Structures are given as structure tokens and as C-alpha cells.
$ cat upload-v9.txt   # compact mmCIF, C-alpha atoms
# COMPACT_ATOMS: atom_id res chain seq x y z
CA MET A 2 86.39 100.07 132.36
CA THR A 3 89.92 100.17 131.00
CA SER A 4 92.47 101.44 133.52
CA ILE A 5 95.52 103.12 132.04
CA ALA A 6 98.70 104.13 133.87
CA ILE A 7 100.49 107.03 132.19
CA LEU A 8 104.04 107.27 133.52
CA GLY A 9 105.47 110.75 133.27
CA GLY A 10 101.96 111.81 132.53
CA THR A 11 102.22 115.47 133.49
CA GLY A 12 104.19 116.30 130.34
CA HIS A 13 102.57 117.64 127.19
CA GLN A 14 101.94 114.26 125.55
CA GLY A 15 100.87 112.57 128.78
CA ARG A 16 98.42 115.33 129.59
CA GLY A 17 96.69 115.13 126.23
CA LEU A 18 96.45 111.36 126.39
CA ALA A 19 95.14 111.45 129.96
CA GLN A 20 92.43 113.99 129.13
CA ARG A 21 91.35 112.19 125.97
CA PHE A 22 91.27 108.75 127.66
CA VAL A 23 89.21 110.06 130.58
CA GLN A 24 86.81 111.75 128.17
CA ALA A 25 86.51 108.38 126.42
CA GLY A 26 85.44 106.77 129.70
CA ALA A 27 88.70 105.15 130.83
CA ARG A 28 90.21 105.28 134.29
CA VAL A 29 93.56 107.08 134.16
CA ILE A 30 96.31 106.97 136.76
CA ILE A 31 99.11 109.46 136.21
CA GLY A 32 102.42 108.08 137.45
CA SER A 33 104.86 110.64 138.78
CA ARG A 34 108.11 110.76 140.73
CA ASP A 35 106.51 113.54 142.78
CA PRO A 36 102.82 112.71 143.23
CA ASP A 37 102.07 115.79 145.36
CA ARG A 38 103.33 118.15 142.70
CA ALA A 39 101.65 116.09 139.98
CA ARG A 40 98.34 116.26 141.87
CA ALA A 41 98.55 120.07 141.91
CA THR A 42 99.27 120.07 138.16
CA VAL A 43 96.48 117.65 137.30
CA ALA A 44 93.99 119.64 139.42
CA GLU A 45 94.29 122.46 136.89
CA TRP A 46 93.39 120.31 133.88
CA ALA A 47 89.89 120.35 132.50
CA THR A 48 88.39 116.92 132.07
CA GLY A 49 85.04 115.85 130.77
CA GLY A 50 85.00 112.57 132.64
CA GLN A 51 85.87 111.25 136.06
CA PRO A 52 88.88 112.67 137.92
CA ILE A 53 92.38 111.76 136.78
CA GLU A 54 94.16 109.90 139.58
CA VAL A 55 97.78 110.40 140.57
CA ALA A 56 100.25 107.96 142.13
CA GLY A 57 103.95 107.22 142.32
CA HIS A 58 105.35 105.44 139.26
CA THR A 59 105.37 101.96 140.76
CA ALA A 60 101.94 102.33 142.37
CA ALA A 61 100.54 103.55 139.03
CA VAL A 62 101.97 100.48 137.26
CA GLY A 63 100.21 98.30 139.81
CA GLN A 64 96.84 99.96 139.19
CA GLY A 65 96.85 100.09 135.38
CA GLU A 66 95.92 97.23 133.07
CA VAL A 67 98.41 98.80 130.69
CA SER A 68 101.25 101.27 131.24
CA ILE A 69 102.10 104.08 128.83
CA LEU A 70 105.64 105.45 128.87
CA ALA A 71 105.21 109.20 128.33
CA VAL A 72 108.44 110.75 129.57
CA PRO A 73 110.84 112.41 127.09
CA PHE A 74 113.07 109.80 125.44
CA THR A 75 116.11 111.28 127.19
CA SER A 76 114.54 110.42 130.57
CA ILE A 77 113.45 106.89 129.69
CA ASP A 78 116.42 105.00 131.16
CA GLY A 79 115.86 106.47 134.62
CA LEU A 80 112.15 105.72 134.50
CA LEU A 81 112.74 102.12 133.44
CA ASP A 82 115.30 101.63 136.22
CA GLU A 83 112.62 102.77 138.65
CA VAL A 84 109.67 100.72 137.40
CA ARG A 85 111.21 97.65 135.75
CA SER A 86 110.64 95.35 138.71
CA SER A 87 107.03 96.51 139.14
CA PHE A 88 105.72 94.86 135.98
CA GLU A 89 104.05 91.48 136.40
CA ASP A 90 104.63 88.73 133.86
CA GLY A 91 102.31 89.33 130.92
CA ALA A 92 102.04 93.08 131.55
CA VAL A 93 101.77 95.30 128.48
CA VAL A 94 103.72 98.54 128.04
CA ILE A 95 103.03 101.16 125.37
CA ASP A 96 105.90 103.36 124.22
CA VAL A 97 104.94 106.79 122.86
CA THR A 98 108.43 108.35 122.93
CA VAL A 99 110.32 109.74 119.95
CA PRO A 100 114.11 110.22 119.91
CA VAL A 101 114.30 113.82 118.76
CA THR A 102 116.15 116.81 120.19
CA PHE A 103 115.67 120.51 119.70
CA ALA A 104 119.21 121.55 120.55
CA SER A 105 119.86 125.18 119.55
CA GLY A 106 116.40 125.39 118.05
CA LYS A 107 116.98 122.76 115.37
CA MET A 108 115.04 119.50 115.39
CA ALA A 109 117.20 116.43 114.88
CA MET A 110 116.84 112.73 115.50
CA LEU A 111 119.03 111.18 118.14
CA GLU A 112 121.14 108.19 117.13
CA VAL A 113 119.73 105.22 119.03
CA GLU A 114 122.04 102.24 119.11
CA GLU A 115 119.17 99.74 119.07
CA GLY A 116 117.65 101.40 115.98
CA SER A 117 114.63 103.05 117.59
CA ALA A 118 113.35 104.28 120.93
CA SER A 119 111.03 101.27 121.12
CA GLU A 120 113.84 98.79 120.60
CA HIS A 121 115.93 100.68 123.16
CA ILE A 122 113.10 100.24 125.65
CA ARG A 123 112.56 96.59 124.66
CA ALA A 124 116.19 95.88 125.60
CA ARG A 125 115.54 97.31 129.09
CA LEU A 126 112.27 95.55 129.94
CA PRO A 127 111.84 92.06 131.41
CA ALA A 128 111.29 89.40 128.73
CA ALA A 129 107.84 88.53 130.11
CA VAL A 130 106.54 92.08 129.51
CA GLY A 131 104.97 92.86 126.11
CA LEU A 132 105.79 96.13 124.34
CA ALA A 133 103.97 98.06 121.64
CA ALA A 134 104.64 101.43 120.03
CA ALA A 135 101.66 103.74 119.44
CA PHE A 136 100.66 107.42 119.62
CA LYS A 137 104.10 108.41 118.31
CA THR A 138 102.87 110.48 115.38
CA ILE A 139 99.98 112.34 116.95
CA PRO A 140 100.95 115.95 117.69
CA ALA A 141 101.06 116.61 121.46
CA HIS A 142 99.71 120.08 120.74
CA LEU A 143 96.62 118.60 119.08
CA LEU A 144 96.10 115.97 121.78
CA ALA A 145 96.03 118.67 124.42
CA GLU A 146 93.41 120.71 122.53
CA GLY A 147 90.61 118.67 123.97
CA ASN A 148 87.92 119.64 121.49
CA GLU A 149 89.88 119.44 118.25
CA PRO A 150 89.09 116.32 116.19
CA LEU A 151 92.12 114.05 115.89
CA ASP A 152 91.16 112.87 112.39
CA CYS A 153 94.24 110.81 111.50
CA ASP A 154 95.86 107.39 111.51
CA GLU A 155 98.01 106.09 114.34
CA PHE A 156 100.67 103.51 113.61
CA VAL A 157 101.03 100.50 115.90
CA CYS A 158 103.85 97.96 116.01
CA ALA A 159 104.55 95.41 118.70
CA ASP A 160 106.67 92.50 119.90
CA SER A 161 103.66 90.22 120.55
CA ASP A 162 100.04 89.77 119.59
CA GLN A 163 98.95 90.59 123.12
CA ALA A 164 100.72 93.95 123.12
CA ARG A 165 99.52 94.69 119.57
CA THR A 166 95.88 93.97 120.45
CA ARG A 167 96.04 96.12 123.55
CA ALA A 168 97.65 99.05 121.72
CA ILE A 169 95.11 98.88 118.89
CA ALA A 170 92.29 98.91 121.45
CA LEU A 171 93.76 102.03 123.08
CA VAL A 172 93.96 103.81 119.72
CA GLU A 173 90.36 102.83 118.95
CA LEU A 174 89.28 104.24 122.30
CA LEU A 175 89.95 107.78 121.05
CA PRO A 176 87.40 109.15 118.54
CA GLY A 177 88.88 110.18 115.20
CA LEU A 178 91.91 107.87 115.38
CA ARG A 179 92.28 104.84 113.12
CA PRO A 180 94.90 102.28 114.18
CA VAL A 181 97.20 101.04 111.41
CA ASP A 182 99.08 97.88 112.34
CA VAL A 183 102.52 98.00 110.73
CA GLY A 184 104.01 94.79 112.10
CA PRO A 185 107.00 93.97 114.32
CA LEU A 186 108.49 96.33 116.90
CA SER A 187 111.43 97.21 114.62
CA ARG A 188 109.00 99.20 112.43
CA ALA A 189 109.22 101.81 115.18
CA ARG A 190 112.31 103.00 113.30
CA SER A 191 110.10 104.17 110.46
CA ILE A 192 107.30 105.42 112.72
CA GLU A 193 109.78 107.63 114.58
CA HIS A 194 110.94 109.05 111.24
CA LEU A 195 107.32 109.92 110.45
CA THR A 196 107.20 111.97 113.63
CA ALA A 197 110.44 113.73 112.75
CA LEU A 198 109.08 114.54 109.29
CA ALA A 199 105.81 115.85 110.74
CA ILE A 200 107.77 118.15 113.07
CA ALA A 201 109.82 119.35 110.09
CA ILE A 202 106.61 120.04 108.16
CA ASN A 203 105.16 121.93 111.14
CA ARG A 204 108.20 124.15 111.37
CA ARG A 205 108.60 124.74 107.66
CA HIS A 206 104.94 125.50 107.04
CA LYS A 207 104.31 127.32 110.35
CA ILE A 208 101.59 124.93 111.48
CA HIS A 209 101.28 122.81 114.64
CA ASP A 210 99.25 119.74 113.84
CA ALA A 211 100.75 117.92 110.84
CA ARG A 212 99.79 114.29 111.04
CA TYR A 213 99.18 111.33 108.73
CA ARG A 214 96.39 109.62 106.89
CA ILE A 215 97.12 106.52 104.83
CA VAL A 216 95.39 106.69 101.46
CA GLY A 217 94.54 103.34 99.83
CA LEU A 218 93.74 101.48 103.07
CA ARG A 219 90.14 100.70 103.91
CA MET B 5 106.71 122.37 77.18
CA THR B 6 108.71 120.79 79.98
CA SER B 7 111.16 118.15 78.75
CA ILE B 8 112.00 115.43 81.25
CA ALA B 9 114.75 112.81 80.94
CA ILE B 10 113.96 109.64 82.90
CA LEU B 11 117.12 107.59 83.31
CA GLY B 12 116.43 103.89 83.75
CA GLY B 13 112.93 104.74 82.66
CA THR B 14 111.83 101.30 81.50
CA GLY B 15 111.50 100.03 85.08
CA HIS B 16 108.20 100.03 86.95
CA GLN B 17 108.60 103.47 88.55
CA GLY B 18 110.07 105.04 85.39
CA ARG B 19 107.28 103.72 83.23
CA GLY B 20 104.54 105.12 85.44
CA LEU B 21 106.23 108.51 85.66
CA ALA B 22 106.81 108.61 81.89
CA GLN B 23 103.19 107.80 81.09
CA ARG B 24 101.81 110.26 83.62
CA PHE B 25 104.13 113.08 82.50
CA VAL B 26 103.29 112.57 78.83
CA GLN B 27 99.58 112.54 79.66
CA ALA B 28 100.17 115.84 81.48
CA GLY B 29 101.61 117.33 78.29
CA ALA B 30 105.33 117.07 78.98
CA ARG B 31 107.99 115.80 76.58
CA VAL B 32 109.60 112.65 78.01
CA ILE B 33 112.90 111.13 76.97
CA ILE B 34 113.59 107.69 78.42
CA GLY B 35 117.30 107.16 78.99
CA SER B 36 118.53 103.61 78.61
CA ARG B 37 121.80 101.73 78.35
CA ASP B 38 120.22 99.80 75.46
CA PRO B 39 118.00 102.23 73.50
CA ASP B 40 116.95 99.64 70.89
CA ARG B 41 115.57 97.31 73.52
CA ALA B 42 114.05 100.24 75.42
CA ARG B 43 112.33 101.43 72.22
CA ALA B 44 110.68 98.01 71.84
CA THR B 45 109.54 98.12 75.46
CA VAL B 46 108.20 101.67 75.25
CA ALA B 47 106.32 100.85 72.02
CA GLU B 48 104.06 98.57 74.05
CA TRP B 49 103.06 101.24 76.55
CA ALA B 50 99.78 103.03 76.19
CA THR B 51 100.09 106.81 76.28
CA GLY B 52 97.46 109.48 76.06
CA GLY B 53 99.84 112.13 74.79
CA GLN B 54 102.69 112.45 72.33
CA PRO B 55 105.11 109.55 71.88
CA ILE B 56 107.66 108.81 74.59
CA GLU B 57 111.15 109.24 73.14
CA VAL B 58 114.11 106.96 73.85
CA ALA B 59 117.84 107.72 73.89
CA GLY B 60 121.06 106.59 75.48
CA HIS B 61 121.57 107.83 79.04
CA THR B 62 123.92 110.69 78.17
CA ALA B 63 121.89 111.79 75.15
CA ALA B 64 118.74 111.80 77.30
CA VAL B 65 120.46 114.02 79.88
CA GLY B 66 121.34 116.44 77.09
CA GLN B 67 117.73 116.67 75.91
CA GLY B 68 115.94 117.01 79.27
CA GLU B 69 115.57 120.24 81.24
CA VAL B 70 115.61 117.99 84.26
CA SER B 71 116.83 114.41 84.78
CA ILE B 72 115.04 111.86 86.95
CA LEU B 73 117.08 108.98 88.36
CA ALA B 74 114.73 105.99 88.18
CA VAL B 75 116.99 102.94 88.36
CA PRO B 76 116.88 100.67 91.44
CA PHE B 77 119.06 102.08 94.23
CA THR B 78 121.44 99.13 93.90
CA SER B 79 122.20 100.22 90.29
CA ILE B 80 122.65 103.91 91.00
CA ASP B 81 126.45 103.98 91.28
CA GLY B 82 126.90 102.51 87.81
CA LEU B 83 124.40 104.95 86.31
CA LEU B 84 126.09 107.94 87.95
CA ASP B 85 129.51 106.80 86.71
CA GLU B 86 128.04 106.77 83.22
CA VAL B 87 126.23 110.13 83.24
CA ARG B 88 128.11 112.27 85.78
CA SER B 89 130.11 114.18 83.19
CA SER B 90 127.02 114.82 81.01
CA PHE B 91 125.40 117.29 83.41
CA GLU B 92 125.94 120.97 82.70
CA ASP B 93 126.54 123.40 85.54
CA GLY B 94 123.18 124.36 87.01
CA ALA B 95 121.47 121.15 85.87
CA VAL B 96 118.81 119.71 88.18
CA VAL B 97 118.54 116.02 89.06
CA ILE B 98 115.56 114.40 90.79
CA ASP B 99 116.16 111.26 92.85
CA VAL B 100 113.19 108.90 93.19
CA THR B 101 115.11 105.88 94.52
CA VAL B 102 114.52 104.14 97.83
CA PRO B 103 117.14 101.92 99.53
CA VAL B 104 115.04 98.83 100.20
CA THR B 105 115.66 95.17 99.41
CA PHE B 106 113.31 92.24 99.17
CA ALA B 107 115.89 89.54 99.92
CA SER B 108 114.20 86.19 100.65
CA GLY B 109 110.79 87.85 100.38
CA LYS B 110 111.27 90.20 103.32
CA MET B 111 111.38 93.94 102.82
CA ALA B 112 114.23 95.66 104.61
CA MET B 113 115.99 98.99 104.37
CA LEU B 114 119.59 98.96 103.21
CA GLU B 115 122.13 100.68 105.43
CA VAL B 116 123.34 103.70 103.47
CA GLU B 117 126.54 105.20 104.83
CA GLU B 118 125.55 108.74 103.87
CA GLY B 119 122.21 108.39 105.70
CA SER B 120 119.88 108.20 102.69
CA ALA B 121 119.85 107.33 99.01
CA SER B 122 119.62 111.02 98.15
CA GLU B 123 122.68 111.91 100.21
CA HIS B 124 124.53 108.95 98.66
CA ILE B 125 123.73 110.38 95.22
CA ARG B 126 124.62 113.93 96.29
CA ALA B 127 128.10 112.72 97.21
CA ARG B 128 128.51 111.35 93.65
CA LEU B 129 127.26 114.33 91.63
CA PRO B 130 129.27 117.39 90.56
CA ALA B 131 128.91 120.29 93.00
CA ALA B 132 127.34 122.53 90.33
CA VAL B 133 124.40 120.13 89.84
CA GLY B 134 121.30 120.61 92.02
CA LEU B 135 119.58 117.60 93.56
CA ALA B 136 116.06 117.11 94.89
CA ALA B 137 114.21 114.06 96.21
CA ALA B 138 110.62 113.53 95.09
CA PHE B 139 108.19 110.80 94.03
CA LYS B 140 109.72 108.45 96.62
CA THR B 141 106.49 107.60 98.40
CA ILE B 142 104.14 107.15 95.46
CA PRO B 143 103.50 103.45 94.81
CA ALA B 144 104.97 102.36 91.45
CA HIS B 145 101.97 100.06 91.06
CA LEU B 146 99.60 103.02 91.29
CA LEU B 147 101.68 105.22 89.01
CA ALA B 148 101.53 102.58 86.30
CA GLU B 149 97.73 102.29 86.54
CA GLY B 150 97.25 105.24 84.23
CA ASN B 151 93.63 105.97 85.08
CA GLU B 152 93.74 105.61 88.85
CA PRO B 153 93.69 108.95 90.71
CA LEU B 154 96.92 109.54 92.62
CA ASP B 155 95.17 111.45 95.42
CA CYS B 156 98.06 111.89 97.86
CA ASP B 157 100.91 114.10 99.00
CA GLU B 158 104.44 113.85 97.64
CA PHE B 159 107.33 114.93 99.81
CA VAL B 160 110.07 117.10 98.32
CA CYS B 161 113.45 117.96 99.82
CA ALA B 162 116.42 119.52 98.07
CA ASP B 163 119.93 120.90 98.33
CA SER B 164 119.06 124.22 96.67
CA ASP B 165 116.10 126.47 95.93
CA GLN B 166 116.49 125.83 92.22
CA ALA B 167 116.23 122.05 92.61
CA ARG B 168 113.36 122.42 95.10
CA THR B 169 111.36 124.69 92.78
CA ARG B 170 111.87 122.34 89.84
CA ALA B 171 110.86 119.24 91.84
CA ILE B 172 107.74 120.95 93.20
CA ALA B 173 106.76 121.96 89.65
CA LEU B 174 107.13 118.33 88.49
CA VAL B 175 104.90 117.10 91.32
CA GLU B 176 102.32 119.78 90.48
CA LEU B 177 102.34 118.63 86.87
CA LEU B 178 100.60 115.38 87.86
CA PRO B 179 96.89 115.72 88.74
CA GLY B 180 96.01 114.52 92.24
CA LEU B 181 99.46 115.08 93.74
CA ARG B 182 100.16 117.81 96.28
CA PRO B 183 103.83 118.68 96.84
CA VAL B 184 104.90 119.01 100.48
CA ASP B 185 108.23 120.76 100.91
CA VAL B 186 110.05 119.20 103.88
CA GLY B 187 113.33 121.12 103.74
CA PRO B 188 116.97 120.14 103.24
CA LEU B 189 118.14 117.06 101.35
CA SER B 190 118.90 115.19 104.59
CA ARG B 191 115.14 114.87 105.17
CA ALA B 192 115.29 112.16 102.52
CA ARG B 193 116.22 109.88 105.45
CA SER B 194 112.71 110.26 106.80
CA ILE B 195 111.02 110.23 103.38
CA GLU B 196 112.68 106.89 102.60
CA HIS B 197 111.37 105.50 105.90
CA LEU B 198 107.87 106.58 104.85
CA THR B 199 108.26 104.47 101.74
CA ALA B 200 109.45 101.48 103.77
CA LEU B 201 106.47 101.85 106.09
CA ALA B 202 104.04 102.09 103.17
CA ILE B 203 105.49 98.87 101.72
CA ALA B 204 105.11 97.21 105.12
CA ILE B 205 101.48 98.38 105.28
CA ASN B 206 100.84 97.06 101.77
CA ARG B 207 102.18 93.63 102.68
CA ARG B 208 100.52 93.40 106.06
CA HIS B 209 97.11 94.56 104.84
CA LYS B 210 97.28 92.87 101.42
CA ILE B 211 96.88 96.10 99.47
CA HIS B 212 99.09 97.72 96.81
CA ASP B 213 98.67 101.44 96.96
CA ALA B 214 99.29 102.68 100.50
CA ARG B 215 100.37 106.30 100.35
CA TYR B 216 100.29 109.43 102.49
CA ARG B 217 98.16 112.48 103.04
CA ILE B 218 99.25 115.07 105.58
CA VAL B 219 96.32 116.19 107.75
CA GLY B 220 96.54 119.69 109.21
CA LEU B 221 98.30 121.28 106.20
CA ARG B 222 96.32 123.58 103.93

$ encode --input "upload-v9.txt" --output "C-alpha cells"
Amino acid sequence: MTSIAILGGTGHQGRGLAQRFVQAGARVIIGSRDPDRARATVAEWATGGQPIEVAGHTAAVGQGEVSILAVPFTSIDGLLDEVRSSFEDGAVVIDVTVPVTFASGKMAMLEVEEGSASEHIRARLPAAVGLAAAFKTIPAHLLAEGNEPLDCDEFVCADSDQARTRAIALVELLPGLRPVDVGPLSRARSIEHLTALAIAINRRHKIHDARYRIVGLR
Amino acid sequence: MTSIAILGGTGHQGRGLAQRFVQAGARVIIGSRDPDRARATVAEWATGGQPIEVAGHTAAVGQGEVSILAVPFTSIDGLLDEVRSSFEDGAVVIDVTVPVTFASGKMAMLEVEEGSASEHIRARLPAAVGLAAAFKTIPAHLLAEGNEPLDCDEFVCADSDQARTRAIALVELLPGLRPVDVGPLSRARSIEHLTALAIAINRRHKIHDARYRIVGLR
């Protein structure tokens, strides 16, 4: 059974991923700075599988075969400071963050010096840890609606074959998602723009679940 | 009958658009710096409708109800210098360019100071001319295969309602395309990243026609 640590997992995106992974038969450990509070939150979630576990961030990293970073992008530096030394050599980290803000009600992309949230994170992880980007374009709202079919493509890019393989396997774990490998980690720049565009489409067309399907790829 | 000027229309993208628009019943005027040579090129194209006309760039602008900029992005400044003064107040221009290079075989996005090709062009057009971005994510290869169904969404953004309406009507003219309005012209930044990602997917998966469909939008 795959064991997945979801750091910052009590947020909207983390919750949806946790519920879907547990329903798919995985073991999920929510990492939180405040495990007691997180445990109370998680107790209220419906799950169709085994219970979702809760631990401190570093303990969660130690229990997962893979760690998903699911805090808002603006909180990522603090999280990485906390967990950086917990990763063993060869560990794989999955980044699902997107550098957008909703200041004064308007969605805008944050300028990230490294070019993308994933590259920002890459610069703050030990060299011996592999990093992939995935689950960036799936609407959190849809993820959290446990019974709605996902029915879309999820884009994966990575800094190593090991991280790529692991991220693709996680995408394939969720019914209705097709992984689309788009190459090196720097492609996260484009993936993050896809998310921004989907949010813009949601707002403009008063919908919640805009997402992508690649036509022409079998 | 809609009359459409396609400036730089003998390139790959221009050719596909010209053929598809003529098949859809529009009048198409290819604008070229060298109309005699362009006429010889156009004579070899198969069309299912009335003949495609050819004129100099400024004459083409004068004959079209709308002008499409279909030169490579790296040639756009020269084209705009040539045609800028030909646009009447209230004219509408459609930008289909994407700032990518294929230097030494690798696809990369060009850094555009204004943020996107469309904003770069906006800064070089008279204020009284409306600008929309469209047809940026449709593969040129697919466009030029006259009988292949397009079967995808095309993203439209614009600096004015007039330009937006006109661009949406052009997208609707081509069977199999659904226009998706994504808002202000600055969204071209994200649209151009979608194109870069589609090119990356084509190369990585050894296909030619990767394109987008938005799921969740009716």
C-alpha cells in the first residue's frame, strides 16, 4: 500500500487529495504544525477508506513514501525550513502549489524569482531529494467533492526520472485522471499559468471546475 | 461576407487560417511584402471556396474588416512599422503570434518585456485600434490539414468589447472550434504558456496536434 504524507493537508487542496487517495486505497498521513487541531478537523471529513492519520510535519515525512507539499505558496518557505532536514537521500517530494494571489478580489500571479513555484522549492530542497510538480491544475473545489468524476488530464514535470515516475503513479491512483508528462521541472512555469487561466475562466464564466483535457494525445 | 486580411499569411499558421476561413465562406486577403511571390505560393494551395486574394500589407489592411497578424513573433516589429498608419480608428487586429524560439532544436519562450506578445503588440498599435488574441493554441500543423477536425477550444482575450466580439466571431466561423473568453489582454501571458506547453507535449510524446479542451465549461 502506498503511504502518502500530505504536508499542510488540512487546507482545501490537501483535504481533497487526502480523501481521494484514501478512497483509492492509499495510506495517508496529514502533516500539520498543530496535530491536535488537525486531528479534530480531519475527524469531520467523510472518507470511504481507512482513517486518515495525522502527525507533525517531520513525523509525517518520516512515515510517507512520498511527501506532498500542500500549503499555500506564500507559506512554503516556512514549511521547507521546518522539514528540510527530515528528508532522506532519495526521498521524493511532490509540489502542488500555485503562485497566485487574490488580493482585493482579483486573481493575479505572483512574480517568482526562480520562474515558478516548483523551481523556488527546488532551490530550497537538499540536492539528494527529487521533486516533481503535479495536481496543480485540478480544481480544489472539485477534488473536495468526493463523488464528482475528475475527468481531466494532470500535468507532471520533474527534476529526475524517479520523481517523475512517482508523481505519475500518484496521478494514476485517482480514477478519472490521466497523467501527461511534460518534461523538466521548469515546465512548471507553464503549468502554473494553466492554473491561473483556469481560475480566470471560472470567474469569468461563473463556474468552479474548469480544468484541462489535451486533445490529440492518445 | 466577412473579409479577413491575414498579414504574413503565406507562413504555416497564415496558410491554415486562410484555407479554413475561405472554406467557411469568408473572403480572405493575404497581405505580403512581396505580393507577386505570395501569389505564386497561394496558387499552389488547395481551397474549397472562392480564391484567396493577395495584396501588399497596407492594401490588405484596407480591404479586410479585420486584420490578423500571422508573422513569426520575431518579425512583428517590422510588420507593425509598415502597417501601423494604415489602420483606421476603430479597426480590429487579431494577434495569433507566440513568443517561442527553437534555437538549437530546443523550444523555449522568449522573454517579452511587456509580459506577452499581445501586450508587446498593444504597445505598438495606435490607441484607437482594438486588439484581441486568438488562435494562439491551435497547432499550425493541424490547421493546414484541411480535412482534419479541429475539435478543441480556442482562448480569446482582448482590450475592448469590440475586439473581443470580433475575435469570438472569427473562432466561431471555423467548425469544431469553441471560443473561450478569458478576459483582458494580459491573459495572453497564460495563453502563450499554453502554446509552449502544447509544443512540449508534442515533442515529448512524438505527436503533432496537442491542443486543449476545457472540461467543466458548458

$ interface_residues --input "upload-v9.txt" --of "chain A" --to "chain B" --cutoff "7 Å" --atoms "only C-alpha atoms" --output "compact mmCIF listing (two decimals) with C-alpha atoms, in the coordinates of the input"
# COMPACT_ATOMS: atom_id res chain seq x y z
CA CYS A 153 94.24 110.81 111.50
CA VAL A 183 102.52 98.00 110.73
CA SER A 191 110.10 104.17 110.46
CA HIS A 194 110.94 109.05 111.24
CA LEU A 195 107.32 109.92 110.45
CA LEU A 198 109.08 114.54 109.29
CA ALA A 201 109.82 119.35 110.09
CA ILE A 202 106.61 120.04 108.16
CA ARG A 205 108.60 124.74 107.66
CA ASP A 210 99.25 119.74 113.84
CA ALA A 211 100.75 117.92 110.84
CA ARG A 212 99.79 114.29 111.04
CA TYR A 213 99.18 111.33 108.73
CA ARG A 214 96.39 109.62 106.89
CA ILE A 215 97.12 106.52 104.83
CA VAL A 216 95.39 106.69 101.46
CA GLY A 217 94.54 103.34 99.83
CA LEU A 218 93.74 101.48 103.07

$ closest_residue --input "upload-v9.txt" --among "A:Leu175, A:Ile77, A:Ile95, A:Ser86" --to "Gln163 (chain A)" --atoms "all atoms listed in the file"
A:Ile95

$ atom_distance --input "upload-v9.txt" --atom1 "CA of His16 (chain B)" --atom2 "CA of His145 (chain B)"
7.5 Å

$ residues_around --input "upload-v9.txt" --residues "Gln64 (chain A)" --least-positions-apart "4" --cutoff "12 Å" --atoms "only C-alpha atoms" --output "list in words"
Thr3, Ser4, Ile5, Ala6, Ile7, Leu8, Arg28, Val29, Ile30, Ile31, Gly32, Glu54, Val55, Ala56, Gly57, His58, Thr59, Ala60, Ser68, Ser87, Phe88, Glu89 and Ala92 of chain A

$ residues_around --input "upload-v9.txt" --residues "Ala47 (chain B)" --least-positions-apart "2" --cutoff "12 Å" --atoms "only C-alpha atoms" --output "short mmCIF file (atom, residue, chain, number, x, y, z; two decimals) with C-alpha atoms, keeping the file's coordinate frame"
data_model
loop_
_atom_site.label_atom_id
_atom_site.label_comp_id
_atom_site.auth_asym_id
_atom_site.auth_seq_id
_atom_site.Cartn_x
_atom_site.Cartn_y
_atom_site.Cartn_z
CA THR B 14 111.83 101.30 81.50
CA ARG B 19 107.28 103.72 83.23
CA GLN B 23 103.19 107.80 81.09
CA ILE B 34 113.59 107.69 78.42
CA PRO B 39 118.00 102.23 73.50
CA ASP B 40 116.95 99.64 70.89
CA ARG B 41 115.57 97.31 73.52
CA ALA B 42 114.05 100.24 75.42
CA ARG B 43 112.33 101.43 72.22
CA ALA B 44 110.68 98.01 71.84
CA THR B 45 109.54 98.12 75.46
CA TRP B 49 103.06 101.24 76.55
CA ALA B 50 99.78 103.03 76.19
CA THR B 51 100.09 106.81 76.28
CA PRO B 55 105.11 109.55 71.88
CA ILE B 56 107.66 108.81 74.59
CA GLU B 57 111.15 109.24 73.14
CA VAL B 58 114.11 106.96 73.85
#

$ residues_near_point --input "upload-v9.txt" --point "(118.2, 114.3, 114.3)" --cutoff "7 Å" --atoms "only C-alpha atoms" --output "list in words"
Val101, Thr102, Met108, Ala109, Met110 and Leu111 of chain A

$ residues_around --input "upload-v9.txt" --residues "Pro179 (chain B)" --least-positions-apart "5" --cutoff "12 Å" --atoms "all atoms listed in the file" --output "PyMOL selection string"
chain B and resi 24-25+27-29+147+150-158+173-174

$ atom_distance --input "upload-v9.txt" --atom1 "CA of Gly106 (chain A)" --atom2 "CA of Ala19 (chain A)"
28.1 Å

$ closest_residue --input "upload-v9.txt" --among "A:Val93, A:Met2, A:Ala145, A:Val99" --to "Ala128 (chain A)" --atoms "all atoms listed in the file"
A:Val93

$ atom_distance --input "upload-v9.txt" --atom1 "CA of Leu178 (chain A)" --atom2 "CA of Pro140 (chain A)"
12.3 Å

$ residues_near_point --input "upload-v9.txt" --point "(116.2, 119.5, 94.9)" --cutoff "10 Å" --atoms "only C-alpha atoms" --output "number ranges by chain"
B: 96-99, 122, 133-138, 160-172, 187-189

$ closest_residue --input "upload-v9.txt" --among "B:Glu115, B:Val46, B:Glu86, B:Arg182" --to "Gly20 (chain B)" --atoms "only C-alpha atoms"
B:Val46

$ residues_around --input "upload-v9.txt" --residues "His121 (chain A)" --least-positions-apart "6" --cutoff "10 Å" --atoms "only C-alpha atoms" --output "list of chain:residue names"
A:Phe74, A:Ile77, A:Asp78, A:Val113, A:Glu114, A:Glu115

$ closest_residue --input "upload-v9.txt" --among "B:Lys110, B:Gly68, B:Gly15, B:Leu21" --to "Val175 (chain B)" --atoms "all atoms listed in the file"
B:Leu21
